[in-house]
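Q: Before I ask anything, here is the structure I am working with.
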Amino acid sequence: MVGLSPVARTVVRDGVIDPAVIARYRAKVAYAGPGDCWHFTGAIHPHGHGRFFVGQYTRVDTGDRRDVVVIAHRFGWAITYGLGSLDQVPVLAHECDEAGCQNTAHLAPATTASNHRDWDIRRWQLGSPLRDTRGPAGRARAIREAILTGGDVQAAKDAGVRPVDHDQLPLW
Ligand SMILES: [Zn+2]
């Protein structure tokens, strides 16, 4: 996986096939219909992505225990397709534009450049999640809060839609 040290990769490699770790990951995913977004209800990165604690390793030189925390949707992808499937994939892009979504059907391997190009186009679409006034992390946290408290998830999403988008959407 891109960006993992060899020892951290070992932890992730073991984690994606460990039933206990997989169960811990799945417990943080709000599963819905096959075409729906499956939002992450665990820790949220400032970029809006889910963060998942896989396990720990011990540094050989200092004896310190180190946490291995990864991007949740990459971990979910690796459970399904294997860790090696991500070796040449710097970005696993969300085609639904929901940064916390774990539905592998909404993810596509991408490059940093192509992902940015798509983002630049889609952020101009009225009502797009990318235009949320709270930013990606604020949006993901609001959705998580709604799920965990039994609230209205759609209302949590709509709360971040820009006023100008509200005005324009009915016209379309
Ligand atoms: Zn999605």
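Going by the structure tokens order, chains are called A, B, ..., each with residues numbered from 1, while ligands are numbered from 1 in the order shown.
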Select from stretch 84-169 of chain A everything DSSP, run on the backbone, classes as helix (DSSP H, G or I), then give the selection as a count of residues only.
A: 47
Q: Could you give me, as a PyMOL selection string, every polymer residue with an atom at most 6 Å away from an atom of ligand 1, counting only C-alpha atoms and all ligand atoms?
A: chain A and resi 37+96+98+101+103+106
Q: Report, in Å with one decimal, the straight-line distance from atom CA of A:Arg74 to atom CA of A:Ala159.
A: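 Going from atom CA of A:Arg74 over to atom CA of A:Ala159, I get 27.6 Å.
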Q: Please report the interatomic distance between atom CA of A:Ala32 and atom CA of A:Gly76 in Å with one decimal.
A: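 Atom CA of A:Gly76 lies 15.2 Å from atom CA of A:Ala32.
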Q: My list of candidates is A:Val54, A:Leu4, A:Asp87, A:Ala43. Which is closest to A:Ala20 when distances are computed with only C-alpha atoms?
A: A:Val54
Q: Sorted by chain and rising residue number, which residues of stretch 83-133 of chain A lie within 12 Å of stretch 139-147 of chain A, and what are their closest atom pairs and distances in Å to one decimal, counting only C-alpha atoms, as JSON lines?
A:
```
{"residue": "A:Asp97", "atom": "CA", "partner": "A:Ala140", "partner_atom": "CA", "distance": 11.1}
{"residue": "A:Glu98", "atom": "CA", "partner": "A:Ala140", "partner_atom": "CA", "distance": 7.7}
{"residue": "A:Ala99", "atom": "CA", "partner": "A:Ala140", "partner_atom": "CA", "distance": 7.1}
{"residue": "A:Gly100", "atom": "CA", "partner": "A:Ala140", "partner_atom": "CA", "distance": 6.0}
{"residue": "A:Cys101", "atom": "CA", "partner": "A:Ala140", "partner_atom": "CA", "distance": 8.9}
{"residue": "A:Gln102", "atom": "CA", "partner": "A:Ala140", "partner_atom": "CA", "distance": 12.0}
{"residue": "A:Ser128", "atom": "CA", "partner": "A:Arg139", "partner_atom": "CA", "distance": 11.7}
{"residue": "A:Pro129", "atom": "CA", "partner": "A:Arg139", "partner_atom": "CA", "distance": 8.1}
{"residue": "A:Leu130", "atom": "CA", "partner": "A:Arg139", "partner_atom": "CA", "distance": 9.5}
{"residue": "A:Arg131", "atom": "CA", "partner": "A:Arg139", "partner_atom": "CA", "distance": 10.1}
{"residue": "A:Asp132", "atom": "CA", "partner": "A:Arg139", "partner_atom": "CA", "distance": 6.8}
{"residue": "A:Thr133", "atom": "CA", "partner": "A:Arg139", "partner_atom": "CA", "distance": 8.3}
```
Q: For a quick check of understanding, using only C-alpha atoms, which of A:Leu126, A:Val153, A:Ala113, A:Val70 has the smallest distance to A:Trp38?
A: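 Ranking A:Leu126, A:Val153, A:Ala113, A:Val70 by distance to A:Trp38, first place goes to A:Val153.
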Q: Could you name the residues that touch stretch 21-31 of chain A at 6 Å or less, counting only C-alpha atoms, but leaving out those on the same chain fewer than 2 positions away, as a PyMOL selection string?
A: chain A and resi 15+18-19+38-42
Q: Looking at only C-alpha atoms, which of A:Arg9, A:Asp36, A:Gly151, A:Thr111 is the one that sits closest to A:Asp67?
A: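 That would be A:Arg9, the residue with the smallest distance to A:Asp67.
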Q: Which of these residues is nearest to A:Ala72, using only C-alpha atoms: A:Thr104, A:Gln125, A:Thr10, A:Asn115?
A: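 Counting only C-alpha atoms, the residue closest to A:Ala72 is A:Thr104.
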Q: Rounded to one decimal place, report the atom CA of A:Arg117-atom CA of A:Leu83 distance in Å.
A: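 If I compute the distance from atom CA of A:Arg117 to atom CA of A:Leu83, I get 26.2 Å.
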Q: Select, from A:Arg66, A:Trp124, A:Arg59, A:Gly135, the residue with the minimum atom-to-atom distance to A:Asp165, counting only C-alpha atoms.
A: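 Selected residue with least distance to A:Asp165: A:Trp124.
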Q: Would you mind writing down, as number ranges by chain, each residue of chain A that DSSP on the backbone assigns to strand (DSSP E or B)?
A: A: 29-30, 39-40, 43-44, 50-58, 65-71, 91-94, 101, 107-110
Q: How about saving the chosen residues, N, CA and C atoms kept, as a PDB file, in the first residue's frame?
A:
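Result went into selection37.pdb, see below:
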```pdb
ATOM      1  N   VAL A  29     -19.005   0.604   9.986  1.00  0.00           N
ATOM      2  CA  VAL A  29     -19.580   0.953   8.687  1.00  0.00           C
ATOM      3  C   VAL A  29     -21.102   0.863   8.768  1.00  0.00           C
ATOM      4  N   ALA A  30     -21.769   1.952   8.374  1.00  0.00           N
ATOM      5  CA  ALA A  30     -23.237   1.965   8.361  1.00  0.00           C
ATOM      6  C   ALA A  30     -23.702   1.418   7.016  1.00  0.00           C
ATOM      7  N   HIS A  39     -21.645   4.976   5.108  1.00  0.00           N
ATOM      8  CA  HIS A  39     -20.834   5.967   5.818  1.00  0.00           C
ATOM      9  C   HIS A  39     -20.055   5.353   6.975  1.00  0.00           C
ATOM     10  N   PHE A  40     -18.879   5.925   7.220  1.00  0.00           N
ATOM     11  CA  PHE A  40     -18.018   5.460   8.305  1.00  0.00           C
ATOM     12  C   PHE A  40     -18.428   6.157   9.594  1.00  0.00           C
ATOM     13  N   ALA A  43     -13.502   7.130  13.591  1.00  0.00           N
ATOM     14  CA  ALA A  43     -12.731   8.384  13.568  1.00  0.00           C
ATOM     15  C   ALA A  43     -12.722   8.984  12.163  1.00  0.00           C
ATOM     16  N   ILE A  44     -12.734  10.326  12.117  1.00  0.00           N
ATOM     17  CA  ILE A  44     -12.750  11.041  10.838  1.00  0.00           C
ATOM     18  C   ILE A  44     -11.476  11.870  10.709  1.00  0.00           C
ATOM     19  N   GLY A  50     -12.587   8.319   6.623  1.00  0.00           N
ATOM     20  CA  GLY A  50     -12.575   7.535   7.846  1.00  0.00           C
ATOM     21  C   GLY A  50     -11.148   7.129   8.182  1.00  0.00           C
ATOM     22  N   ARG A  51     -10.864   7.000   9.473  1.00  0.00           N
ATOM     23  CA  ARG A  51      -9.555   6.518   9.935  1.00  0.00           C
ATOM     24  C   ARG A  51      -9.778   5.248  10.728  1.00  0.00           C
ATOM     25  N   PHE A  52      -8.971   4.228  10.423  1.00  0.00           N
ATOM     26  CA  PHE A  52      -9.163   2.952  11.091  1.00  0.00           C
ATOM     27  C   PHE A  52      -7.870   2.475  11.736  1.00  0.00           C
ATOM     28  N   PHE A  53      -7.963   2.163  13.034  1.00  0.00           N
ATOM     29  CA  PHE A  53      -6.827   1.618  13.775  1.00  0.00           C
ATOM     30  C   PHE A  53      -6.739   0.122  13.497  1.00  0.00           C
ATOM     31  N   VAL A  54      -5.658  -0.287  12.836  1.00  0.00           N
ATOM     32  CA  VAL A  54      -5.520  -1.694  12.457  1.00  0.00           C
ATOM     33  C   VAL A  54      -4.877  -2.503  13.577  1.00  0.00           C
ATOM     34  N   GLY A  55      -3.819  -1.963  14.155  1.00  0.00           N
ATOM     35  CA  GLY A  55      -3.102  -2.702  15.189  1.00  0.00           C
ATOM     36  C   GLY A  55      -1.835  -1.959  15.565  1.00  0.00           C
ATOM     37  N   GLN A  56      -0.909  -2.654  16.206  1.00  0.00           N
ATOM     38  CA  GLN A  56       0.333  -2.028  16.661  1.00  0.00           C
ATOM     39  C   GLN A  56       1.527  -2.881  16.266  1.00  0.00           C
ATOM     40  N   TYR A  57       2.682  -2.234  16.255  1.00  0.00           N
ATOM     41  CA  TYR A  57       3.935  -2.982  16.137  1.00  0.00           C
ATOM     42  C   TYR A  57       4.928  -2.374  17.123  1.00  0.00           C
ATOM     43  N   THR A  58       5.984  -3.112  17.385  1.00  0.00           N
ATOM     44  CA  THR A  58       7.019  -2.658  18.308  1.00  0.00           C
ATOM     45  C   THR A  58       8.252  -2.241  17.522  1.00  0.00           C
ATOM     46  N   ARG A  65       5.812   0.994  21.311  1.00  0.00           N
ATOM     47  CA  ARG A  65       4.668   0.466  20.572  1.00  0.00           C
ATOM     48  C   ARG A  65       4.150   1.579  19.667  1.00  0.00           C
ATOM     49  N   ARG A  66       3.878   1.249  18.423  1.00  0.00           N
ATOM     50  CA  ARG A  66       3.370   2.237  17.473  1.00  0.00           C
ATOM     51  C   ARG A  66       2.029   1.796  16.906  1.00  0.00           C
ATOM     52  N   ASP A  67       1.090   2.729  16.854  1.00  0.00           N
ATOM     53  CA  ASP A  67      -0.212   2.436  16.256  1.00  0.00           C
ATOM     54  C   ASP A  67      -0.119   2.478  14.732  1.00  0.00           C
ATOM     55  N   VAL A  68      -0.837   1.598  14.092  1.00  0.00           N
ATOM     56  CA  VAL A  68      -0.986   1.655  12.637  1.00  0.00           C
ATOM     57  C   VAL A  68      -2.433   2.050  12.346  1.00  0.00           C
ATOM     58  N   VAL A  69      -2.599   3.281  11.870  1.00  0.00           N
ATOM     59  CA  VAL A  69      -3.920   3.824  11.553  1.00  0.00           C
ATOM     60  C   VAL A  69      -3.939   4.133  10.060  1.00  0.00           C
ATOM     61  N   VAL A  70      -4.950   3.646   9.375  1.00  0.00           N
ATOM     62  CA  VAL A  70      -5.000   3.809   7.913  1.00  0.00           C
ATOM     63  C   VAL A  70      -6.319   4.469   7.489  1.00  0.00           C
ATOM     64  N   ILE A  71      -6.362   4.868   6.231  1.00  0.00           N
ATOM     65  CA  ILE A  71      -7.592   5.413   5.658  1.00  0.00           C
ATOM     66  C   ILE A  71      -8.600   4.266   5.534  1.00  0.00           C
ATOM     67  N   VAL A  91      -4.467   6.962  -5.072  1.00  0.00           N
ATOM     68  CA  VAL A  91      -5.747   7.525  -4.638  1.00  0.00           C
ATOM     69  C   VAL A  91      -6.863   6.546  -4.979  1.00  0.00           C
ATOM     70  N   LEU A  92      -7.712   6.288  -4.001  1.00  0.00           N
ATOM     71  CA  LEU A  92      -8.930   5.519  -4.230  1.00  0.00           C
ATOM     72  C   LEU A  92     -10.053   6.550  -4.175  1.00  0.00           C
ATOM     73  N   ALA A  93     -10.481   6.999  -5.351  1.00  0.00           N
ATOM     74  CA  ALA A  93     -11.380   8.150  -5.427  1.00  0.00           C
ATOM     75  C   ALA A  93     -12.830   7.753  -5.178  1.00  0.00           C
ATOM     76  N   HIS A  94     -13.562   8.666  -4.535  1.00  0.00           N
ATOM     77  CA  HIS A  94     -14.992   8.464  -4.291  1.00  0.00           C
ATOM     78  C   HIS A  94     -15.790   9.040  -5.454  1.00  0.00           C
ATOM     79  N   CYS A 101     -17.427   7.544   2.688  1.00  0.00           N
ATOM     80  CA  CYS A 101     -18.149   6.380   2.165  1.00  0.00           C
ATOM     81  C   CYS A 101     -17.235   5.156   2.052  1.00  0.00           C
ATOM     82  N   LEU A 107     -16.055   3.437  -5.250  1.00  0.00           N
ATOM     83  CA  LEU A 107     -14.638   3.787  -5.255  1.00  0.00           C
ATOM     84  C   LEU A 107     -13.998   3.389  -6.576  1.00  0.00           C
ATOM     85  N   ALA A 108     -13.008   4.153  -6.986  1.00  0.00           N
ATOM     86  CA  ALA A 108     -12.293   3.837  -8.216  1.00  0.00           C
ATOM     87  C   ALA A 108     -10.829   4.222  -8.062  1.00  0.00           C
ATOM     88  N   PRO A 109      -9.925   3.311  -8.446  1.00  0.00           N
ATOM     89  CA  PRO A 109      -8.504   3.651  -8.427  1.00  0.00           C
ATOM     90  C   PRO A 109      -8.247   4.862  -9.323  1.00  0.00           C
ATOM     91  N   ALA A 110      -7.444   5.791  -8.826  1.00  0.00           N
ATOM     92  CA  ALA A 110      -7.189   7.025  -9.573  1.00  0.00           C
ATOM     93  C   ALA A 110      -5.778   7.497  -9.294  1.00  0.00           C
TER      94      ALA A 110
END
```
Q: Using only C-alpha atoms, find the one residue out of A:Ile17, A:Thr149, A:Gly127, A:Gly138 that sits nearest to A:Tyr81.
A: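 Of A:Ile17, A:Thr149, A:Gly127, A:Gly138, the one nearest A:Tyr81, counting only C-alpha atoms, is A:Ile17.
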